[in-house]
Amino acid sequence: MSEIPEQSASLQADDAKRAVRNVGVLMVASIISKGFLFFWSIWLTNWLGPTNAGVYSTVLGIFAVVFPLTGLGMGMIAIREIAKKPDQIGQYATSLLFIQTTLSGFVYVVMVVSAMTYGGDILGYSAIVGISIIIDMFGSIANDLFIAQQRMVTTSIMEIVHVVLRIMLAGFALYIGWGLIGVYLATIASGIVRSLILWGLLLRQEWQLDWQIDWQGLAIPMLIDTIPLSLGAMLSLGYDHADKLMMTGLIGETNTGYLSPAFLIHFGIIELFSTAILVAMYPLMAKYHSDDNETFGYIVQTLMRFMLMLALPITLGLTVFSDDVIRLIFNDEFLPTIPILRVYVWYTLLTLVSNVFARALLIQNRQRYTLIVTACALSLNIVVNFVLLSQTGNPIGAAIASVMAQGLALILLAQTFRANGFNWLAIVPSLGRVALIGAVMVISMILVGEINWILGIIVGSVVYLVGLFVGNVLSVADWDLLYRLTGAMPGGQLIRRYWHRDLSNSR
């Protein structure tokens, strides 16, 4: 097996420990908050039924597509720059507040006008939930400023508080009979609390807002850099939600409701495994990015392979046992979701891997290229959606369109990424081993699943883990890096009592 160069040694010890702590904190927060939100969404979807779930998903889709216009992606640029120049946080904070407040009012109008295409309940609910655009904008700015300072504990605690409060208020609203209007009002109220707390904590720090905005040197360059990024976010969310928006218009809200459980599972996996890790690693990746530093390329290479190794067993398990999973967590009204999930889950795998390359290209300031990629993927998604949905009327066409679009995006992103320390020749052998191990996992799940599907998942997972160890999927450099970082993880010292590794020959 080709060895991956041990560039991990150039990762400074303090930075490595901080990165692992950040990942650990965000992972714990994601497991808790997204877990609460996931189970709440399952309950809400079952309570709504396919038709109302289709209305809810359509409103959510409109909101998601237009929301990036409130920030134009400036948060990611600000995080990148503040990580390099922490003394300018006051100037970046003021610029974000001024520009995004202006934009949020415009975006609210765009959302309401967009909802007029559907009319009825979708228009009415969109006018209410659109208020969250302005509220969430303030909270998002504060959250980004904390991330830029690598204060992940603060953002993690607030994430949990926000989700729990939102669920409690929405549950109470449903209990007293307010229906979907109550759910949206609860979203607005919890967003207000989140924004107030985060800004209260920010303003207690030593730095202050700098109202002398440097338009020429800071604000305008940041705005120019973020326009492709924001358009890319809109296009990305566009083909993430294009299936639901087009389905409602072409084949009705009920069919959109059948897609909702599959999208809910997809979204939960992405938020739990992709978002937390990439957000935590983003400041560190930005710090080590330079033309002559191989550490950046090594980090991207490692993240990509680890993300694939994580996504594959989840995808295979949901493909084989989609029938059992849907029957377990949704009522019989959603049985048409079963074949949709079998296809849609592959969209999830492709998204997990694509996100790593997209974030790396952002750090390389190549957001204009990612914009082109997203536009190509969205175009393919719209065309395939229109053809399949209009010709067959089957919601599985939306799942096929999403997989094809994300596959195109991954190919375009991966083939253009270049960085010192990133070597495809060193990756391909291990990816081949992972694919072979996945095939053995599927066979074992199918055989054991004839007895019991839960037992099939357990046995398949054990086969997969054993295969990773026996198949030498991880290089010596990977194991050394994991061992170095284990001590910084929660419970890491306990693991090291039983796991001993000689690093004397490791640079």
# chains A, B, ... in the order shown; residues from 1 in each chain; ligands from 1
call {"tool": "residues_around", "arguments": {"residues": "Leu308 of chain A", "least_positions_apart": "2", "cutoff": "8 Å", "atoms": "only C-alpha atoms", "output": "VMD selection string"}}
result
chain A and resid 304 to 306 310 to 312 349 352 to 353
call {"tool": "write_last_selection", "arguments": {"atoms": "all heavy atoms", "output": "PDB file, in the first residue's frame"}}
result
ATOM      1  N   MET A 304     -11.406  13.726   3.684  1.00  0.00           N
ATOM      2  CA  MET A 304     -12.159  13.119   2.598  1.00  0.00           C
ATOM      3  C   MET A 304     -12.262  11.607   2.777  1.00  0.00           C
ATOM      4  O   MET A 304     -13.344  11.013   2.664  1.00  0.00           O
ATOM      5  CB  MET A 304     -11.504  13.466   1.261  1.00  0.00           C
ATOM      6  CG  MET A 304     -12.314  13.020   0.031  1.00  0.00           C
ATOM      7  SD  MET A 304     -12.050  11.307  -0.461  1.00  0.00           S
ATOM      8  CE  MET A 304     -10.366  11.407  -1.067  1.00  0.00           C
ATOM      9  N   ARG A 305     -11.153  10.973   3.088  1.00  0.00           N
ATOM     10  CA  ARG A 305     -11.165   9.515   3.250  1.00  0.00           C
ATOM     11  C   ARG A 305     -11.961   9.099   4.475  1.00  0.00           C
ATOM     12  O   ARG A 305     -12.740   8.142   4.422  1.00  0.00           O
ATOM     13  CB  ARG A 305      -9.731   8.982   3.352  1.00  0.00           C
ATOM     14  CG  ARG A 305      -8.949   9.109   2.052  1.00  0.00           C
ATOM     15  CD  ARG A 305      -7.631   8.356   2.102  1.00  0.00           C
ATOM     16  NE  ARG A 305      -6.811   8.796   3.213  1.00  0.00           N
ATOM     17  CZ  ARG A 305      -6.472   8.020   4.245  1.00  0.00           C
ATOM     18  NH1 ARG A 305      -6.877   6.777   4.299  1.00  0.00           N
ATOM     19  NH2 ARG A 305      -5.703   8.484   5.212  1.00  0.00           N
ATOM     20  N   PHE A 306     -11.787   9.811   5.578  1.00  0.00           N
ATOM     21  CA  PHE A 306     -12.531   9.475   6.793  1.00  0.00           C
ATOM     22  C   PHE A 306     -14.029   9.681   6.599  1.00  0.00           C
ATOM     23  O   PHE A 306     -14.846   8.905   7.093  1.00  0.00           O
ATOM     24  CB  PHE A 306     -12.041  10.316   7.966  1.00  0.00           C
ATOM     25  CG  PHE A 306     -10.720   9.855   8.529  1.00  0.00           C
ATOM     26  CD1 PHE A 306      -9.998   8.840   7.932  1.00  0.00           C
ATOM     27  CD2 PHE A 306     -10.199  10.436   9.671  1.00  0.00           C
ATOM     28  CE1 PHE A 306      -8.784   8.413   8.441  1.00  0.00           C
ATOM     29  CE2 PHE A 306      -8.983  10.011  10.204  1.00  0.00           C
ATOM     30  CZ  PHE A 306      -8.278   9.002   9.585  1.00  0.00           C
ATOM     31  N   LEU A 310     -16.903   6.791   6.862  1.00  0.00           N
ATOM     32  CA  LEU A 310     -18.025   6.958   7.778  1.00  0.00           C
ATOM     33  C   LEU A 310     -19.356   6.845   7.044  1.00  0.00           C
ATOM     34  O   LEU A 310     -20.313   6.254   7.551  1.00  0.00           O
ATOM     35  CB  LEU A 310     -17.922   8.326   8.463  1.00  0.00           C
ATOM     36  CG  LEU A 310     -19.028   8.704   9.445  1.00  0.00           C
ATOM     37  CD1 LEU A 310     -19.007   7.783  10.651  1.00  0.00           C
ATOM     38  CD2 LEU A 310     -18.864  10.153   9.874  1.00  0.00           C
ATOM     39  N   ALA A 311     -19.422   7.413   5.835  1.00  0.00           N
ATOM     40  CA  ALA A 311     -20.692   7.481   5.105  1.00  0.00           C
ATOM     41  C   ALA A 311     -21.096   6.141   4.495  1.00  0.00           C
ATOM     42  O   ALA A 311     -22.291   5.830   4.408  1.00  0.00           O
ATOM     43  CB  ALA A 311     -20.598   8.539   4.007  1.00  0.00           C
ATOM     44  N   LEU A 312     -20.112   5.342   4.062  1.00  0.00           N
ATOM     45  CA  LEU A 312     -20.437   4.117   3.325  1.00  0.00           C
ATOM     46  C   LEU A 312     -21.283   3.135   4.130  1.00  0.00           C
ATOM     47  O   LEU A 312     -22.317   2.657   3.624  1.00  0.00           O
ATOM     48  CB  LEU A 312     -19.159   3.448   2.833  1.00  0.00           C
ATOM     49  CG  LEU A 312     -19.358   2.228   1.935  1.00  0.00           C
ATOM     50  CD1 LEU A 312     -20.141   2.608   0.688  1.00  0.00           C
ATOM     51  CD2 LEU A 312     -18.018   1.597   1.561  1.00  0.00           C
ATOM     52  N   LEU A 349     -24.433  10.193   0.727  1.00  0.00           N
ATOM     53  CA  LEU A 349     -23.020   9.817   0.675  1.00  0.00           C
ATOM     54  C   LEU A 349     -22.231  10.779  -0.202  1.00  0.00           C
ATOM     55  O   LEU A 349     -21.153  11.247   0.172  1.00  0.00           O
ATOM     56  CB  LEU A 349     -22.892   8.382   0.159  1.00  0.00           C
ATOM     57  CG  LEU A 349     -21.465   7.823   0.066  1.00  0.00           C
ATOM     58  CD1 LEU A 349     -21.458   6.333   0.394  1.00  0.00           C
ATOM     59  CD2 LEU A 349     -20.876   8.028  -1.332  1.00  0.00           C
ATOM     60  N   LEU A 352     -21.703  14.164   1.555  1.00  0.00           N
ATOM     61  CA  LEU A 352     -20.714  14.147   2.636  1.00  0.00           C
ATOM     62  C   LEU A 352     -19.299  14.311   2.092  1.00  0.00           C
ATOM     63  O   LEU A 352     -18.488  15.059   2.643  1.00  0.00           O
ATOM     64  CB  LEU A 352     -20.824  12.845   3.428  1.00  0.00           C
ATOM     65  CG  LEU A 352     -22.020  12.721   4.381  1.00  0.00           C
ATOM     66  CD1 LEU A 352     -22.164  11.280   4.866  1.00  0.00           C
ATOM     67  CD2 LEU A 352     -21.866  13.662   5.569  1.00  0.00           C
ATOM     68  N   VAL A 353     -18.997  13.623   1.020  1.00  0.00           N
ATOM     69  CA  VAL A 353     -17.656  13.712   0.430  1.00  0.00           C
ATOM     70  C   VAL A 353     -17.470  15.041  -0.297  1.00  0.00           C
ATOM     71  O   VAL A 353     -16.418  15.686  -0.196  1.00  0.00           O
ATOM     72  CB  VAL A 353     -17.402  12.533  -0.518  1.00  0.00           C
ATOM     73  CG1 VAL A 353     -16.005  12.630  -1.124  1.00  0.00           C
ATOM     74  CG2 VAL A 353     -17.558  11.198   0.224  1.00  0.00           C
TER      75      VAL A 353
END
call {"tool": "residues_around", "arguments": {"residues": "Leu123 of chain A", "least_positions_apart": "5", "cutoff": "10 Å", "atoms": "only C-alpha atoms", "output": "short mmCIF file (atom, residue, chain, number, x, y, z; two decimals) with C-alpha atoms, in the first residue's frame"}}
result
data_model
loop_
_atom_site.label_atom_id
_atom_site.label_comp_id
_atom_site.auth_asym_id
_atom_site.auth_seq_id
_atom_site.Cartn_x
_atom_site.Cartn_y
_atom_site.Cartn_z
CA VAL A 59 -42.27 26.44 2.92
CA MET A 111 -39.58 34.96 0.05
CA VAL A 112 -43.15 36.26 0.09
CA VAL A 113 -43.11 36.97 -3.63
CA SER A 114 -41.72 33.48 -4.32
CA ALA A 115 -44.48 31.90 -2.23
CA MET A 116 -47.12 33.66 -4.38
CA THR A 117 -46.36 31.05 -7.04
CA TYR A 118 -48.11 28.47 -4.85
CA ILE A 128 -45.07 34.31 8.93
#
call {"tool": "select_by_dssp", "arguments": {"residues": "segment 36-269 of chain A", "states": "alpha helix (DSSP H)", "output": "JSON, numbers by chain"}}
result
{"A": [36, 37, 38, 39, 40, 41, 42, 43, 44, 45, 46, 47, 48, 49, 50, 51, 52, 53, 54, 55, 56, 57, 58, 59, 60, 61, 62, 63, 64, 65, 66, 74, 75, 76, 77, 78, 79, 80, 81, 82, 83, 84, 89, 90, 91, 92, 93, 94, 95, 96, 97, 98, 99, 100, 101, 102, 103, 104, 105, 106, 107, 108, 109, 110, 111, 112, 113, 114, 115, 120, 121, 122, 123, 124, 125, 126, 127, 128, 129, 131, 132, 133, 134, 135, 136, 137, 138, 139, 140, 141, 142, 143, 144, 145, 146, 147, 148, 152, 153, 154, 155, 156, 157, 158, 159, 160, 161, 162, 163, 164, 165, 166, 167, 168, 169, 170, 171, 172, 173, 174, 175, 179, 180, 181, 182, 183, 184, 185, 186, 187, 188, 189, 190, 191, 192, 193, 194, 195, 196, 197, 198, 199, 200, 201, 202, 220, 221, 222, 223, 224, 225, 226, 227, 228, 229, 230, 231, 232, 233, 234, 235, 236, 237, 238, 239, 240, 241, 242, 243, 244, 245, 246, 247, 248, 249, 250, 251, 253, 254, 255, 256, 257, 258, 259, 260, 261, 262, 263, 264, 265, 266, 267, 268, 269]}
call {"tool": "residues_around", "arguments": {"residues": "Asp136 of chain A", "least_positions_apart": "6", "cutoff": "10 Å", "atoms": "only C-alpha atoms", "output": "list of chain:residue names"}}
result
A:Phe67, A:Thr70, A:Ser104, A:Ala142, A:Thr187, A:Ile188, A:Ser190, A:Gly191, A:Ile192, A:Arg194, A:Ser195
call {"tool": "residues_around", "arguments": {"residues": "segment 411-425 of chain A", "least_positions_apart": "4", "cutoff": "6 Å", "atoms": "only C-alpha atoms", "output": "PyMOL selection string"}}
result
chain A and resi 294+297-298+301
call {"tool": "atom_distance", "arguments": {"atom1": "atom CA of Asn355 of chain A", "atom2": "atom CA of Ile133 of chain A"}}
result
24.3 Å
call {"tool": "residues_around", "arguments": {"residues": "segment 446-459 of chain A", "least_positions_apart": "3", "cutoff": "7 Å", "atoms": "only C-alpha atoms", "output": "list in words"}}
result
Gly317, Phe321, Val442, Ile443, Val462 and Val463 of chain A
call {"tool": "closest_residue", "arguments": {"among": "A:Leu474, A:Thr337, A:Ile372, A:Val383", "to": "Thr254 of chain A", "atoms": "only C-alpha atoms"}}
result
A:Thr337
call {"tool": "closest_residue", "arguments": {"among": "A:Pro68, A:Gly124, A:Gly200, A:Gly238", "to": "Ala377 of chain A", "atoms": "only C-alpha atoms"}}
result
A:Gly238
call {"tool": "closest_atom_pairs", "arguments": {"of": "segment 222-263 of chain A", "to": "segment 267-270 of chain A", "cutoff": "10 Å", "atoms": "only C-alpha atoms", "output": "CSV"}}
result
residue,atom,partner,partner_atom,distance
A:Asp240,CA,A:Phe267,CA,9.8
A:Pro261,CA,A:Phe267,CA,9.8
A:Ala262,CA,A:Phe267,CA,8.6
A:Phe263,CA,A:Phe267,CA,6.0
call {"tool": "closest_residue", "arguments": {"among": "A:Ala409, A:Leu328, A:Ile382, A:Met441", "to": "Leu316 of chain A", "atoms": "only C-alpha atoms"}}
result
A:Met441
call {"tool": "closest_atom_pairs", "arguments": {"of": "segment 114-185 of chain A", "to": "segment 42-46 of chain A", "cutoff": "12 Å", "atoms": "only C-alpha atoms", "output": "JSON lines"}}
result
{"residue": "A:Ile167", "atom": "CA", "partner": "A:Leu44", "partner_atom": "CA", "distance": 10.3}
{"residue": "A:Ala170", "atom": "CA", "partner": "A:Leu44", "partner_atom": "CA", "distance": 9.9}
{"residue": "A:Gly171", "atom": "CA", "partner": "A:Leu44", "partner_atom": "CA", "distance": 9.3}
{"residue": "A:Leu174", "atom": "CA", "partner": "A:Leu44", "partner_atom": "CA", "distance": 9.7}
{"residue": "A:Gly179", "atom": "CA", "partner": "A:Leu44", "partner_atom": "CA", "distance": 10.5}
{"residue": "A:Leu180", "atom": "CA", "partner": "A:Leu44", "partner_atom": "CA", "distance": 9.8}
{"residue": "A:Val183", "atom": "CA", "partner": "A:Leu44", "partner_atom": "CA", "distance": 9.7}
call {"tool": "atom_distance", "arguments": {"atom1": "atom CA of Ala375 of chain A", "atom2": "atom CA of Ile122 of chain A"}}
result
26.4 Å
call {"tool": "atom_distance", "arguments": {"atom1": "atom CA of Tyr184 of chain A", "atom2": "atom CA of Val129 of chain A"}}
result
5.5 Å
call {"tool": "residues_around", "arguments": {"residues": "Tyr258 of chain A", "least_positions_apart": "4", "cutoff": "12 Å", "atoms": "only C-alpha atoms", "output": "PyMOL selection string"}}
result
chain A and resi 45-46+48-55+57+243-244+247-248+251-254+262-264+326+330-341+394-396+398-399
call {"tool": "residues_around", "arguments": {"residues": "Asp210 of chain A", "least_positions_apart": "3", "cutoff": "9 Å", "atoms": "only C-alpha atoms", "output": "list in words"}}
result
Gln88, Ile89, Gly90, Gln91, Tyr92, Ala93, Thr94, Ser95 and Ile213 of chain A
call {"tool": "closest_residue", "arguments": {"among": "A:Gln149, A:Glu206, A:Ser132, A:Leu201", "to": "Leu185 of chain A", "atoms": "only C-alpha atoms"}}
result
A:Ser132
